[in-house]
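Colleague: My structure is below; once you've seen it, I'll send some questions.
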Amino acid sequence: MELKTVALVITDISGYSEFVKFHKTSLLHAEEIISQLLEAVIDKADHPLTLNKLEGDAALLYAELGGAEEAGVRDVVRQVQTFFTAFRAKIQDLSDCRMKCRCDACQQILGLKLKAILHKGEVAFKKIRQFDELAGQEVILAHRLLKNTVP
């Protein structure tokens, strides 16, 4: 286990809970749509930003900052900005589904939004079996910030 200073990024798809309905067609379409949106976002992550794990409709990423904190943070901010562009582009691509399918998920695609939390701090890196886990107060704080209601 070791401590490192990192930039934490959590992206979250707002509106997910309302988006998912529990009958077969809608649920399958909803999960496919969410998967494609998450892929569009994480495909834009590049070094030094690393995907740690997916958390349902969210992705936890981090970048080790080392000695070049200011440059690293600027790069992370730039990458996160591209996440929003990729998300909006994928929403537009997927909105064609609304014309072909009348299920709840396909009809509500345009209601989905992307939220991103960026936070810098010291975190513990630990390995549990084959999984790399990030832990500590800064990780907890980033997750709490995700729960805010700022538009």
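Going through the structure tokens in order, the chains are called A, B, and so on, while each chain numbers its residues from 1 and the ligands are numbered from 1 in the order shown.
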Contacts of Phe87 (chain A) at 12 Å or less, counting only C-alpha atoms, minus same-chain residues fewer than 6 places along, as a VMD selection string?
Modeller: chain A and resid 11 to 14 33 to 44 80 to 81 93 to 94 109 to 110 112 to 116
Colleague: Name the residues of chain A that come out as strand (DSSP E or B) in a backbone DSSP run; write them as an MDAnalysis selection string.
Modeller: chainID A and resid 2:14 49:55 58:64 113:128 131:135
Colleague: Using N, CA and C atoms, can you export the residues from the last selection as a short mmCIF file (atom, residue, chain, number, x, y, z; two decimals), in the first residue's frame?
Modeller:
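Listed below is the output, again_36.cif:
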data_model
loop_
_atom_site.label_atom_id
_atom_site.label_comp_id
_atom_site.auth_asym_id
_atom_site.auth_seq_id
_atom_site.Cartn_x
_atom_site.Cartn_y
_atom_site.Cartn_z
N GLU A 2 0.49 2.25 -0.78
CA GLU A 2 1.27 3.48 -0.80
C GLU A 2 0.36 4.69 -0.99
N LEU A 3 0.85 5.85 -0.56
CA LEU A 3 0.13 7.10 -0.70
C LEU A 3 0.67 7.85 -1.92
N LYS A 4 -0.26 8.42 -2.70
CA LYS A 4 0.13 9.21 -3.87
C LYS A 4 -0.79 10.41 -3.98
N THR A 5 -0.25 11.51 -4.49
CA THR A 5 -1.07 12.68 -4.79
C THR A 5 -1.63 12.49 -6.19
N VAL A 6 -2.94 12.60 -6.29
CA VAL A 6 -3.61 12.34 -7.57
C VAL A 6 -4.68 13.39 -7.83
N ALA A 7 -5.06 13.49 -9.08
CA ALA A 7 -6.28 14.19 -9.47
C ALA A 7 -7.32 13.10 -9.64
N LEU A 8 -8.41 13.21 -8.92
CA LEU A 8 -9.52 12.26 -9.01
C LEU A 8 -10.58 12.84 -9.93
N VAL A 9 -11.16 12.00 -10.75
CA VAL A 9 -12.27 12.41 -11.61
C VAL A 9 -13.36 11.35 -11.48
N ILE A 10 -14.56 11.80 -11.19
CA ILE A 10 -15.71 10.91 -11.23
C ILE A 10 -16.69 11.49 -12.23
N THR A 11 -17.02 10.71 -13.23
CA THR A 11 -18.07 11.12 -14.16
C THR A 11 -19.31 10.32 -13.83
N ASP A 12 -20.45 10.95 -13.93
CA ASP A 12 -21.71 10.31 -13.55
C ASP A 12 -22.79 10.74 -14.54
N ILE A 13 -23.61 9.80 -14.93
CA ILE A 13 -24.71 10.11 -15.83
C ILE A 13 -25.93 10.46 -14.98
N SER A 14 -26.29 11.73 -14.98
CA SER A 14 -27.45 12.19 -14.22
C SER A 14 -28.73 11.77 -14.93
N LEU A 49 -4.39 10.18 -17.26
CA LEU A 49 -5.68 9.79 -16.67
C LEU A 49 -5.90 8.30 -16.88
N THR A 50 -6.21 7.60 -15.81
CA THR A 50 -6.37 6.15 -15.82
C THR A 50 -7.74 5.78 -15.26
N LEU A 51 -8.45 4.90 -15.94
CA LEU A 51 -9.72 4.40 -15.43
C LEU A 51 -9.44 3.43 -14.29
N ASN A 52 -9.99 3.73 -13.11
CA ASN A 52 -9.84 2.83 -11.97
C ASN A 52 -10.94 1.78 -11.98
N LYS A 53 -12.20 2.25 -12.11
CA LYS A 53 -13.31 1.31 -12.16
C LYS A 53 -14.59 2.00 -12.59
N LEU A 54 -15.51 1.17 -13.04
CA LEU A 54 -16.86 1.65 -13.34
C LEU A 54 -17.71 1.39 -12.11
N GLU A 55 -18.61 2.33 -11.84
CA GLU A 55 -19.48 2.25 -10.67
C GLU A 55 -20.92 2.46 -11.15
N ALA A 58 -21.39 5.44 -13.45
CA ALA A 58 -20.29 6.38 -13.18
C ALA A 58 -18.95 5.70 -13.47
N ALA A 59 -17.93 6.55 -13.66
CA ALA A 59 -16.57 6.05 -13.85
C ALA A 59 -15.65 6.81 -12.91
N LEU A 60 -14.78 6.08 -12.23
CA LEU A 60 -13.78 6.68 -11.35
C LEU A 60 -12.43 6.60 -12.07
N LEU A 61 -11.84 7.77 -12.29
CA LEU A 61 -10.54 7.85 -12.95
C LEU A 61 -9.58 8.63 -12.04
N TYR A 62 -8.29 8.46 -12.29
CA TYR A 62 -7.30 9.21 -11.52
C TYR A 62 -6.08 9.47 -12.39
N ALA A 63 -5.32 10.48 -12.00
CA ALA A 63 -4.04 10.77 -12.64
C ALA A 63 -3.03 11.02 -11.53
N GLU A 64 -1.96 10.26 -11.53
CA GLU A 64 -0.88 10.51 -10.58
C GLU A 64 -0.21 11.82 -10.98
N LYS A 113 -27.82 13.55 -18.69
CA LYS A 113 -26.78 14.58 -18.61
C LYS A 113 -25.52 13.96 -18.01
N LEU A 114 -24.40 14.60 -18.25
CA LEU A 114 -23.13 14.15 -17.68
C LEU A 114 -22.70 15.14 -16.60
N LYS A 115 -22.27 14.59 -15.47
CA LYS A 115 -21.71 15.40 -14.39
C LYS A 115 -20.30 14.88 -14.14
N ALA A 116 -19.36 15.77 -13.86
CA ALA A 116 -17.99 15.37 -13.55
C ALA A 116 -17.52 16.10 -12.30
N ILE A 117 -16.88 15.37 -11.43
CA ILE A 117 -16.27 15.92 -10.23
C ILE A 117 -14.76 15.77 -10.38
N LEU A 118 -14.04 16.85 -10.16
CA LEU A 118 -12.57 16.82 -10.17
C LEU A 118 -12.10 17.23 -8.78
N HIS A 119 -11.16 16.46 -8.24
CA HIS A 119 -10.65 16.75 -6.91
C HIS A 119 -9.21 16.30 -6.83
N LYS A 120 -8.38 17.05 -6.15
CA LYS A 120 -6.97 16.70 -5.99
C LYS A 120 -6.69 16.39 -4.54
N GLY A 121 -5.93 15.34 -4.30
CA GLY A 121 -5.57 15.01 -2.93
C GLY A 121 -4.71 13.77 -2.85
N GLU A 122 -4.40 13.41 -1.63
CA GLU A 122 -3.56 12.24 -1.38
C GLU A 122 -4.47 11.04 -1.13
N VAL A 123 -4.22 9.95 -1.85
CA VAL A 123 -5.03 8.74 -1.69
C VAL A 123 -4.11 7.54 -1.47
N ALA A 124 -4.69 6.53 -0.83
CA ALA A 124 -3.98 5.27 -0.62
C ALA A 124 -4.30 4.34 -1.79
N PHE A 125 -3.27 3.76 -2.35
CA PHE A 125 -3.42 2.74 -3.40
C PHE A 125 -3.22 1.40 -2.72
N LYS A 126 -4.20 0.52 -2.87
CA LYS A 126 -4.06 -0.81 -2.28
C LYS A 126 -4.56 -1.85 -3.27
N LYS A 127 -4.03 -3.03 -3.14
CA LYS A 127 -4.41 -4.12 -4.03
C LYS A 127 -5.19 -5.14 -3.22
N ILE A 128 -6.38 -5.48 -3.71
CA ILE A 128 -7.19 -6.53 -3.11
C ILE A 128 -7.45 -7.55 -4.21
N PHE A 131 -7.62 -6.47 -7.91
CA PHE A 131 -8.21 -5.14 -8.05
C PHE A 131 -7.34 -4.08 -7.38
N ASP A 132 -7.12 -2.98 -8.09
CA ASP A 132 -6.44 -1.82 -7.53
C ASP A 132 -7.51 -0.90 -6.97
N GLU A 133 -7.43 -0.62 -5.69
CA GLU A 133 -8.43 0.21 -5.02
C GLU A 133 -7.81 1.52 -4.57
N LEU A 134 -8.59 2.58 -4.67
CA LEU A 134 -8.19 3.89 -4.16
C LEU A 134 -8.98 4.11 -2.87
N ALA A 135 -8.31 4.61 -1.84
CA ALA A 135 -8.98 4.77 -0.55
C ALA A 135 -8.52 6.04 0.14
#
Colleague: Please return, as JSON, numbers by chain, all residues of chain A that DSSP assigns to alpha helix (DSSP H) on the basis of the backbone.
Modeller: {"A": [16, 17, 18, 19, 24, 25, 26, 27, 28, 29, 30, 31, 32, 33, 34, 35, 36, 37, 38, 39, 40, 41, 42, 69, 70, 71, 72, 73, 74, 75, 76, 77, 78, 79, 80, 81, 82, 83, 84, 85, 86, 87, 88, 89, 90, 91, 92, 93, 94, 97, 98, 99, 100, 104, 105, 106, 107, 137, 138, 139, 140, 141, 142, 143, 144, 145, 146]}
Colleague: Rounded to one decimal, what separation in Å do you get between CA of Cys106 (chain A) and CA of Leu27 (chain A)?
Modeller: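 If I compute the distance from CA of Cys106 (chain A) to CA of Leu27 (chain A), I get 10.2 Å.
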Colleague: Mind checking which residues fall within 9 Å of Ala105 (chain A), counting only C-alpha atoms, ignoring those fewer than 3 positions away in the same chain, and posting them as a list of chain:residue names?
Modeller: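 The filter keeps A:Phe19, A:Val20, A:Lys21, A:Thr25, A:Ser26, A:Leu27, A:Leu28, A:His29, A:Ala30, A:Glu31, A:Ile33, A:Arg98, A:Arg102, A:Gln108, A:Ile109.
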Colleague: Would you export the selected residues with N, CA and C atoms as a CSV table (one decimal), in the first residue's frame, please?
Modeller:
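Result saved to out_33.csv:
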chain,number,residue,atom,x,y,z
A,19,PHE,N,-34.2,6.9,-15.7
A,19,PHE,CA,-34.0,6.4,-17.1
A,19,PHE,C,-34.3,4.9,-17.2
A,20,VAL,N,-33.9,4.1,-16.1
A,20,VAL,CA,-34.0,2.7,-16.2
A,20,VAL,C,-35.4,2.3,-15.7
A,21,LYS,N,-36.1,1.5,-16.6
A,21,LYS,CA,-37.4,1.0,-16.3
A,21,LYS,C,-37.3,-0.5,-16.3
A,25,THR,N,-37.5,-5.0,-22.6
A,25,THR,CA,-37.1,-4.2,-23.7
A,25,THR,C,-36.4,-2.9,-23.2
A,26,SER,N,-37.1,-2.2,-22.3
A,26,SER,CA,-36.6,-0.9,-21.9
A,26,SER,C,-35.3,-1.1,-21.1
A,27,LEU,N,-35.3,-2.1,-20.2
A,27,LEU,CA,-34.1,-2.3,-19.4
A,27,LEU,C,-32.9,-2.6,-20.3
A,28,LEU,N,-33.1,-3.5,-21.2
A,28,LEU,CA,-32.0,-3.8,-22.1
A,28,LEU,C,-31.5,-2.6,-23.0
A,29,HIS,N,-32.5,-1.8,-23.5
A,29,HIS,CA,-32.1,-0.6,-24.2
A,29,HIS,C,-31.4,0.4,-23.3
A,30,ALA,N,-31.9,0.6,-22.1
A,30,ALA,CA,-31.4,1.5,-21.2
A,30,ALA,C,-29.9,1.2,-20.9
A,31,GLU,N,-29.7,-0.1,-20.6
A,31,GLU,CA,-28.3,-0.5,-20.2
A,31,GLU,C,-27.4,-0.4,-21.4
A,33,ILE,N,-27.6,1.8,-23.9
A,33,ILE,CA,-27.4,3.2,-24.0
A,33,ILE,C,-26.4,3.8,-23.0
A,98,ARG,N,-34.9,7.0,-30.9
A,98,ARG,CA,-36.2,7.5,-30.5
A,98,ARG,C,-37.2,7.3,-31.7
A,102,ARG,N,-40.1,2.8,-29.4
A,102,ARG,CA,-41.0,3.6,-28.5
A,102,ARG,C,-40.8,3.3,-27.0
A,108,GLN,N,-36.3,8.6,-23.7
A,108,GLN,CA,-35.8,9.6,-22.7
A,108,GLN,C,-34.3,9.8,-22.8
A,109,ILE,N,-33.7,9.4,-23.9
A,109,ILE,CA,-32.3,9.6,-24.1
A,109,ILE,C,-31.8,11.1,-23.9
Colleague: Considering only C-alpha atoms, state which residue in the set A:Asp46, A:Gly56, A:Phe84, A:Ala142 is at the smallest distance from Ser17 (chain A).
Modeller: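 That would be A:Gly56, the residue with the smallest distance to Ser17 (chain A).
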